[in-house]
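Peer 1: Pasting a structure here, questions to come.
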Amino acid sequence: MIDNELQMLIEKTSIDVFNKPFIHEARFNGRLRTTGGRYMLVDHSIEINPLILKVHGIEELIGVIKHELCHYHLHIEGRGYRHRDADFRKLLKQTSSPRFCQPLSTGNEKLKVTHIYQCISCEQKYNRKRRMDVRKYKCGKCAGKIMYCPDGK
């Protein structure tokens, strides 16, 4: 799905569910990490995380769209559009919109160790997330030279 198709889907959902038009811009935003979508107060646009469609499918995407349209229509009308507002919660129930989207990841994933270094003398291993300049550091155990192990052995 591309941005034009998303725009048409949001416009159709707005008419079908809310009986009101969506007249602003909608787009995918691949930089969103922890949220399914967001409504922009300044320009009234809606941004959707493309992972929602990829991970959970079209049904979850429509749920996120309905949620963001709740923010949109309430804000345009000057009513309570925030998550804690009674108007927002009431409109969520009326339109069967989800309050939260499904998680995009398990949340407890750890970063992989990508760089392994080893002391030449005592063979002490060091796991690092970032590369380091081996000329600037010595082994903490024996003060020997450190070398990079590209294959992890």
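By order of appearance in the structure tokens: chains A, B, ..., then residues from 1 within every chain, and ligands from 1 in the order shown.
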Skip Tyr126 in chain A itself and residues of its chain fewer than 3 positions away, then list as a ChimeraX atom specification all residues within 9 Å of it, counting only C-alpha atoms.

Peer 2: /A:115-119

Peer 1: Near Val55 in chain A, within 12 Å and counting only C-alpha atoms, which residues show up once chain neighbours fewer than 6 positions away are dropped, as a PDB file with N, CA, C and O atoms, in the first residue's frame?

Peer 2:
ATOM      1  N   GLY A  36       1.235   3.208  16.655  1.00  0.00           N
ATOM      2  CA  GLY A  36       0.644   2.773  15.386  1.00  0.00           C
ATOM      3  C   GLY A  36       0.360   3.933  14.453  1.00  0.00           C
ATOM      4  O   GLY A  36       0.364   3.788  13.242  1.00  0.00           O
ATOM      5  N   ASN A  49       2.074   4.210  11.024  1.00  0.00           N
ATOM      6  CA  ASN A  49       3.260   3.362  11.009  1.00  0.00           C
ATOM      7  C   ASN A  49       3.030   2.226  10.004  1.00  0.00           C
ATOM      8  O   ASN A  49       2.076   1.465  10.141  1.00  0.00           O
ATOM      9  N   LEU A  61      -4.943  -2.097  10.847  1.00  0.00           N
ATOM     10  CA  LEU A  61      -4.709  -0.797  10.211  1.00  0.00           C
ATOM     11  C   LEU A  61      -5.976   0.049  10.252  1.00  0.00           C
ATOM     12  O   LEU A  61      -5.936   1.238  10.600  1.00  0.00           O
ATOM     13  N   CYS A 101      -3.136   0.178  19.979  1.00  0.00           N
ATOM     14  CA  CYS A 101      -2.894  -0.770  18.897  1.00  0.00           C
ATOM     15  C   CYS A 101      -2.116  -1.973  19.436  1.00  0.00           C
ATOM     16  O   CYS A 101      -1.552  -1.930  20.527  1.00  0.00           O
ATOM     17  N   GLN A 102      -2.108  -3.035  18.664  1.00  0.00           N
ATOM     18  CA  GLN A 102      -1.354  -4.223  19.043  1.00  0.00           C
ATOM     19  C   GLN A 102       0.139  -3.871  19.070  1.00  0.00           C
ATOM     20  O   GLN A 102       0.604  -3.071  18.264  1.00  0.00           O
ATOM     21  N   PRO A 103       0.903  -4.476  19.989  1.00  0.00           N
ATOM     22  CA  PRO A 103       2.333  -4.166  20.037  1.00  0.00           C
ATOM     23  C   PRO A 103       3.043  -4.592  18.753  1.00  0.00           C
ATOM     24  O   PRO A 103       2.723  -5.632  18.175  1.00  0.00           O
ATOM     25  N   LEU A 104       3.991  -3.768  18.335  1.00  0.00           N
ATOM     26  CA  LEU A 104       4.745  -4.051  17.122  1.00  0.00           C
ATOM     27  C   LEU A 104       5.933  -4.959  17.386  1.00  0.00           C
ATOM     28  O   LEU A 104       6.522  -5.496  16.473  1.00  0.00           O
ATOM     29  N   SER A 105       6.314  -5.117  18.650  1.00  0.00           N
ATOM     30  CA  SER A 105       7.387  -6.025  19.029  1.00  0.00           C
ATOM     31  C   SER A 105       7.083  -6.528  20.427  1.00  0.00           C
ATOM     32  O   SER A 105       6.162  -6.062  21.084  1.00  0.00           O
TER      33      SER A 105
END

Peer 1: Quick one: DSSP helix (DSSP H, G or I) residues in range 18-120 of chain A, as a PDB file with N, CA and C atoms, in the first residue's frame?

Peer 2:
ATOM      1  N   PHE A  18     -17.763   7.850  10.500  1.00  0.00           N
ATOM      2  CA  PHE A  18     -18.051   9.113  11.191  1.00  0.00           C
ATOM      3  C   PHE A  18     -19.069   9.990  10.468  1.00  0.00           C
ATOM      4  N   PRO A  50       3.892   2.080   8.984  1.00  0.00           N
ATOM      5  CA  PRO A  50       3.684   1.028   7.984  1.00  0.00           C
ATOM      6  C   PRO A  50       3.812  -0.387   8.552  1.00  0.00           C
ATOM      7  N   LEU A  51       4.444  -0.535   9.720  1.00  0.00           N
ATOM      8  CA  LEU A  51       4.570  -1.861  10.327  1.00  0.00           C
ATOM      9  C   LEU A  51       3.224  -2.421  10.771  1.00  0.00           C
ATOM     10  N   ILE A  52       2.256  -1.552  11.044  1.00  0.00           N
ATOM     11  CA  ILE A  52       0.924  -2.019  11.437  1.00  0.00           C
ATOM     12  C   ILE A  52       0.358  -2.927  10.348  1.00  0.00           C
ATOM     13  N   LEU A  53       0.432  -2.486   9.117  1.00  0.00           N
ATOM     14  CA  LEU A  53      -0.079  -3.274   8.000  1.00  0.00           C
ATOM     15  C   LEU A  53       0.753  -4.527   7.785  1.00  0.00           C
ATOM     16  N   LYS A  54       2.063  -4.383   7.872  1.00  0.00           N
ATOM     17  CA  LYS A  54       2.956  -5.502   7.613  1.00  0.00           C
ATOM     18  C   LYS A  54       2.851  -6.584   8.688  1.00  0.00           C
ATOM     19  N   VAL A  55       2.783  -6.183   9.957  1.00  0.00           N
ATOM     20  CA  VAL A  55       2.798  -7.146  11.067  1.00  0.00           C
ATOM     21  C   VAL A  55       1.406  -7.677  11.388  1.00  0.00           C
ATOM     22  N   HIS A  56       0.386  -6.785  11.410  1.00  0.00           N
ATOM     23  CA  HIS A  56      -0.942  -7.181  11.900  1.00  0.00           C
ATOM     24  C   HIS A  56      -2.032  -7.232  10.839  1.00  0.00           C
ATOM     25  N   ILE A  58      -4.700  -5.687   7.593  1.00  0.00           N
ATOM     26  CA  ILE A  58      -5.594  -4.579   7.248  1.00  0.00           C
ATOM     27  C   ILE A  58      -6.594  -4.264   8.354  1.00  0.00           C
ATOM     28  N   GLU A  59      -7.049  -5.268   9.104  1.00  0.00           N
ATOM     29  CA  GLU A  59      -8.030  -5.017  10.157  1.00  0.00           C
ATOM     30  C   GLU A  59      -7.457  -4.117  11.253  1.00  0.00           C
ATOM     31  N   GLU A  60      -6.228  -4.408  11.664  1.00  0.00           N
ATOM     32  CA  GLU A  60      -5.572  -3.573  12.678  1.00  0.00           C
ATOM     33  C   GLU A  60      -5.291  -2.179  12.133  1.00  0.00           C
ATOM     34  N   LEU A  61      -4.943  -2.097  10.847  1.00  0.00           N
ATOM     35  CA  LEU A  61      -4.709  -0.797  10.211  1.00  0.00           C
ATOM     36  C   LEU A  61      -5.976   0.049  10.252  1.00  0.00           C
ATOM     37  N   ILE A  62      -7.110  -0.542   9.960  1.00  0.00           N
ATOM     38  CA  ILE A  62      -8.376   0.194   9.994  1.00  0.00           C
ATOM     39  C   ILE A  62      -8.695   0.628  11.424  1.00  0.00           C
ATOM     40  N   GLY A  63      -8.374  -0.209  12.407  1.00  0.00           N
ATOM     41  CA  GLY A  63      -8.566   0.178  13.801  1.00  0.00           C
ATOM     42  C   GLY A  63      -7.736   1.389  14.177  1.00  0.00           C
ATOM     43  N   VAL A  64      -6.484   1.412  13.747  1.00  0.00           N
ATOM     44  CA  VAL A  64      -5.603   2.563  14.029  1.00  0.00           C
ATOM     45  C   VAL A  64      -6.132   3.803  13.312  1.00  0.00           C
ATOM     46  N   ILE A  65      -6.600   3.628  12.089  1.00  0.00           N
ATOM     47  CA  ILE A  65      -7.154   4.761  11.333  1.00  0.00           C
ATOM     48  C   ILE A  65      -8.375   5.337  12.059  1.00  0.00           C
ATOM     49  N   LYS A  66      -9.270   4.470  12.541  1.00  0.00           N
ATOM     50  CA  LYS A  66     -10.458   4.950  13.265  1.00  0.00           C
ATOM     51  C   LYS A  66     -10.052   5.696  14.537  1.00  0.00           C
ATOM     52  N   HIS A  67      -9.038   5.184  15.225  1.00  0.00           N
ATOM     53  CA  HIS A  67      -8.548   5.848  16.445  1.00  0.00           C
ATOM     54  C   HIS A  67      -8.039   7.254  16.122  1.00  0.00           C
ATOM     55  N   GLU A  68      -7.229   7.362  15.089  1.00  0.00           N
ATOM     56  CA  GLU A  68      -6.668   8.672  14.720  1.00  0.00           C
ATOM     57  C   GLU A  68      -7.756   9.606  14.192  1.00  0.00           C
ATOM     58  N   LEU A  69      -8.753   9.054  13.514  1.00  0.00           N
ATOM     59  CA  LEU A  69      -9.859   9.886  13.050  1.00  0.00           C
ATOM     60  C   LEU A  69     -10.690  10.413  14.221  1.00  0.00           C
ATOM     61  N   CYS A  70     -10.752   9.677  15.321  1.00  0.00           N
ATOM     62  CA  CYS A  70     -11.417  10.189  16.525  1.00  0.00           C
ATOM     63  C   CYS A  70     -10.706  11.451  17.010  1.00  0.00           C
ATOM     64  N   HIS A  71      -9.367  11.388  17.086  1.00  0.00           N
ATOM     65  CA  HIS A  71      -8.599  12.583  17.452  1.00  0.00           C
ATOM     66  C   HIS A  71      -8.900  13.725  16.475  1.00  0.00           C
ATOM     67  N   TYR A  72      -8.864  13.413  15.193  1.00  0.00           N
ATOM     68  CA  TYR A  72      -9.027  14.405  14.131  1.00  0.00           C
ATOM     69  C   TYR A  72     -10.373  15.122  14.238  1.00  0.00           C
ATOM     70  N   HIS A  73     -11.469  14.361  14.230  1.00  0.00           N
ATOM     71  CA  HIS A  73     -12.791  14.981  14.202  1.00  0.00           C
ATOM     72  C   HIS A  73     -13.095  15.751  15.484  1.00  0.00           C
ATOM     73  N   LEU A  74     -12.672  15.227  16.633  1.00  0.00           N
ATOM     74  CA  LEU A  74     -12.899  15.943  17.890  1.00  0.00           C
ATOM     75  C   LEU A  74     -12.104  17.244  17.949  1.00  0.00           C
ATOM     76  N   HIS A  75     -10.865  17.204  17.465  1.00  0.00           N
ATOM     77  CA  HIS A  75     -10.036  18.411  17.466  1.00  0.00           C
ATOM     78  C   HIS A  75     -10.608  19.469  16.526  1.00  0.00           C
ATOM     79  N   ILE A  76     -11.059  19.048  15.356  1.00  0.00           N
ATOM     80  CA  ILE A  76     -11.645  19.982  14.393  1.00  0.00           C
ATOM     81  C   ILE A  76     -12.898  20.639  14.989  1.00  0.00           C
ATOM     82  N   GLU A  77     -13.683  19.858  15.739  1.00  0.00           N
ATOM     83  CA  GLU A  77     -14.921  20.376  16.331  1.00  0.00           C
ATOM     84  C   GLU A  77     -14.676  21.159  17.625  1.00  0.00           C
ATOM     85  N   ALA A  86     -13.348  12.731  28.164  1.00  0.00           N
ATOM     86  CA  ALA A  86     -14.582  11.931  28.096  1.00  0.00           C
ATOM     87  C   ALA A  86     -15.134  11.883  26.669  1.00  0.00           C
ATOM     88  N   ASP A  87     -15.040  12.994  25.930  1.00  0.00           N
ATOM     89  CA  ASP A  87     -15.519  13.015  24.544  1.00  0.00           C
ATOM     90  C   ASP A  87     -14.778  11.987  23.694  1.00  0.00           C
ATOM     91  N   PHE A  88     -13.484  11.912  23.892  1.00  0.00           N
ATOM     92  CA  PHE A  88     -12.670  10.979  23.124  1.00  0.00           C
ATOM     93  C   PHE A  88     -13.051   9.537  23.445  1.00  0.00           C
ATOM     94  N   ARG A  89     -13.159   9.218  24.715  1.00  0.00           N
ATOM     95  CA  ARG A  89     -13.500   7.846  25.111  1.00  0.00           C
ATOM     96  C   ARG A  89     -14.892   7.459  24.632  1.00  0.00           C
ATOM     97  N   LYS A  90     -15.813   8.408  24.661  1.00  0.00           N
ATOM     98  CA  LYS A  90     -17.173   8.141  24.203  1.00  0.00           C
ATOM     99  C   LYS A  90     -17.192   7.860  22.695  1.00  0.00           C
ATOM    100  N   LEU A  91     -16.460   8.658  21.934  1.00  0.00           N
ATOM    101  CA  LEU A  91     -16.410   8.461  20.482  1.00  0.00           C
ATOM    102  C   LEU A  91     -15.714   7.147  20.127  1.00  0.00           C
ATOM    103  N   LEU A  92     -14.700   6.768  20.896  1.00  0.00           N
ATOM    104  CA  LEU A  92     -14.055   5.465  20.671  1.00  0.00           C
ATOM    105  C   LEU A  92     -15.066   4.330  20.793  1.00  0.00           C
ATOM    106  N   LYS A  93     -15.899   4.389  21.820  1.00  0.00           N
ATOM    107  CA  LYS A  93     -16.906   3.341  22.025  1.00  0.00           C
ATOM    108  C   LYS A  93     -17.951   3.352  20.915  1.00  0.00           C
ATOM    109  N   GLN A  94     -18.406   4.545  20.536  1.00  0.00           N
ATOM    110  CA  GLN A  94     -19.430   4.651  19.494  1.00  0.00           C
ATOM    111  C   GLN A  94     -18.966   4.092  18.160  1.00  0.00           C
ATOM    112  N   THR A  95     -17.688   4.269  17.854  1.00  0.00           N
ATOM    113  CA  THR A  95     -17.157   3.837  16.547  1.00  0.00           C
ATOM    114  C   THR A  95     -16.444   2.491  16.615  1.00  0.00           C
TER     115      THR A  95
END

Peer 1: Quote the spacing between CA of Lys141 in chain A and CA of Lys129 in chain A in Å to one decimal place.

Peer 2: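 For CA of Lys141 in chain A relative to CA of Lys129 in chain A, the distance reads 20.2 Å.
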
Peer 1: Would you list, as a list of chain:residue names, the residues of chain A that end up in strand (DSSP E) under DSSP run on this structure's backbone?

Peer 2: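 Matching residues, listed in order: A:Ala26, A:Arg27, A:Phe28, A:Gly37, A:Arg38, A:Tyr39, A:Ile46, A:Glu47, A:Ile48, A:His115, A:Ile116, A:Tyr117, A:Gln118, A:Cys119, A:Lys125, A:Tyr126, A:Asn127, A:Arg128, A:Ile146, A:Met147, A:Tyr148, A:Cys149.
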
Peer 1: Keeping N, CA and C atoms for every residue in the selection just given, could you write it to a file as an mmCIF file, in the first residue's frame?

Peer 2:
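Result file is result14.cif:
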data_model
loop_
_atom_site.group_PDB
_atom_site.id
_atom_site.type_symbol
_atom_site.label_atom_id
_atom_site.label_comp_id
_atom_site.auth_asym_id
_atom_site.auth_seq_id
_atom_site.Cartn_x
_atom_site.Cartn_y
_atom_site.Cartn_z
ATOM 1 N N ALA A 26 -2.871 12.398 4.588
ATOM 2 C CA ALA A 26 -2.531 11.176 5.319
ATOM 3 C C ALA A 26 -1.318 10.552 4.649
ATOM 4 N N ARG A 27 -0.430 9.969 5.468
ATOM 5 C CA ARG A 27 0.788 9.381 4.904
ATOM 6 C C ARG A 27 1.338 8.327 5.855
ATOM 7 N N PHE A 28 2.166 7.455 5.304
ATOM 8 C CA PHE A 28 2.907 6.506 6.121
ATOM 9 C C PHE A 28 4.159 7.204 6.645
ATOM 10 N N GLY A 37 0.102 5.088 15.012
ATOM 11 C CA GLY A 37 -0.183 6.263 14.205
ATOM 12 C C GLY A 37 -0.220 7.491 15.081
ATOM 13 N N ARG A 38 -0.321 8.653 14.437
ATOM 14 C CA ARG A 38 -0.451 9.885 15.207
ATOM 15 C C ARG A 38 -1.181 10.934 14.391
ATOM 16 N N TYR A 39 -1.917 11.762 15.122
ATOM 17 C CA TYR A 39 -2.633 12.887 14.536
ATOM 18 C C TYR A 39 -1.826 14.136 14.838
ATOM 19 N N ILE A 46 -2.567 12.982 9.340
ATOM 20 C CA ILE A 46 -2.473 11.723 10.070
ATOM 21 C C ILE A 46 -1.310 10.934 9.504
ATOM 22 N N GLU A 47 -0.453 10.441 10.390
ATOM 23 C CA GLU A 47 0.671 9.592 10.003
ATOM 24 C C GLU A 47 0.438 8.200 10.569
ATOM 25 N N ILE A 48 0.704 7.195 9.747
ATOM 26 C CA ILE A 48 0.486 5.802 10.131
ATOM 27 C C ILE A 48 1.804 5.046 10.021
ATOM 28 N N HIS A 115 29.861 -6.672 18.083
ATOM 29 C CA HIS A 115 31.322 -6.570 17.996
ATOM 30 C C HIS A 115 31.958 -7.315 19.160
ATOM 31 N N ILE A 116 32.860 -8.216 18.841
ATOM 32 C CA ILE A 116 33.555 -8.992 19.865
ATOM 33 C C ILE A 116 35.047 -8.711 19.748
ATOM 34 N N TYR A 117 35.648 -8.401 20.899
ATOM 35 C CA TYR A 117 37.077 -8.123 20.978
ATOM 36 C C TYR A 117 37.707 -9.128 21.927
ATOM 37 N N GLN A 118 39.025 -9.375 21.724
ATOM 38 C CA GLN A 118 39.707 -10.340 22.575
ATOM 39 C C GLN A 118 41.132 -9.861 22.849
ATOM 40 N N CYS A 119 41.569 -10.104 24.101
ATOM 41 C CA CYS A 119 42.941 -9.785 24.471
ATOM 42 C C CYS A 119 43.865 -10.816 23.837
ATOM 43 N N LYS A 125 37.569 -12.013 26.585
ATOM 44 C CA LYS A 125 36.677 -11.529 25.527
ATOM 45 C C LYS A 125 35.853 -10.342 26.031
ATOM 46 N N TYR A 126 35.578 -9.425 25.112
ATOM 47 C CA TYR A 126 34.777 -8.238 25.389
ATOM 48 C C TYR A 126 33.701 -8.122 24.319
ATOM 49 N N ASN A 127 32.445 -8.050 24.737
ATOM 50 C CA ASN A 127 31.323 -7.866 23.824
ATOM 51 C C ASN A 127 30.912 -6.402 23.841
ATOM 52 N N ARG A 128 30.763 -5.824 22.674
ATOM 53 C CA ARG A 128 30.407 -4.411 22.574
ATOM 54 C C ARG A 128 29.294 -4.205 21.556
ATOM 55 N N ILE A 146 44.460 -5.497 22.599
ATOM 56 C CA ILE A 146 43.136 -6.037 22.225
ATOM 57 C C ILE A 146 43.044 -6.095 20.721
ATOM 58 N N MET A 147 42.407 -7.176 20.221
ATOM 59 C CA MET A 147 42.184 -7.308 18.776
ATOM 60 C C MET A 147 40.691 -7.532 18.525
ATOM 61 N N TYR A 148 40.249 -7.150 17.329
ATOM 62 C CA TYR A 148 38.858 -7.339 16.922
ATOM 63 C C TYR A 148 38.680 -8.750 16.375
ATOM 64 N N CYS A 149 37.607 -9.398 16.756
ATOM 65 C CA CYS A 149 37.303 -10.748 16.263
ATOM 66 C C CYS A 149 36.094 -10.667 15.374
#

Peer 1: To one decimal place in Å, what is the distance between CA of Leu6 in chain A and CA of Asn29 in chain A?

Peer 2: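 So the two atoms, CA of Leu6 in chain A and CA of Asn29 in chain A, lie 11.5 Å apart.
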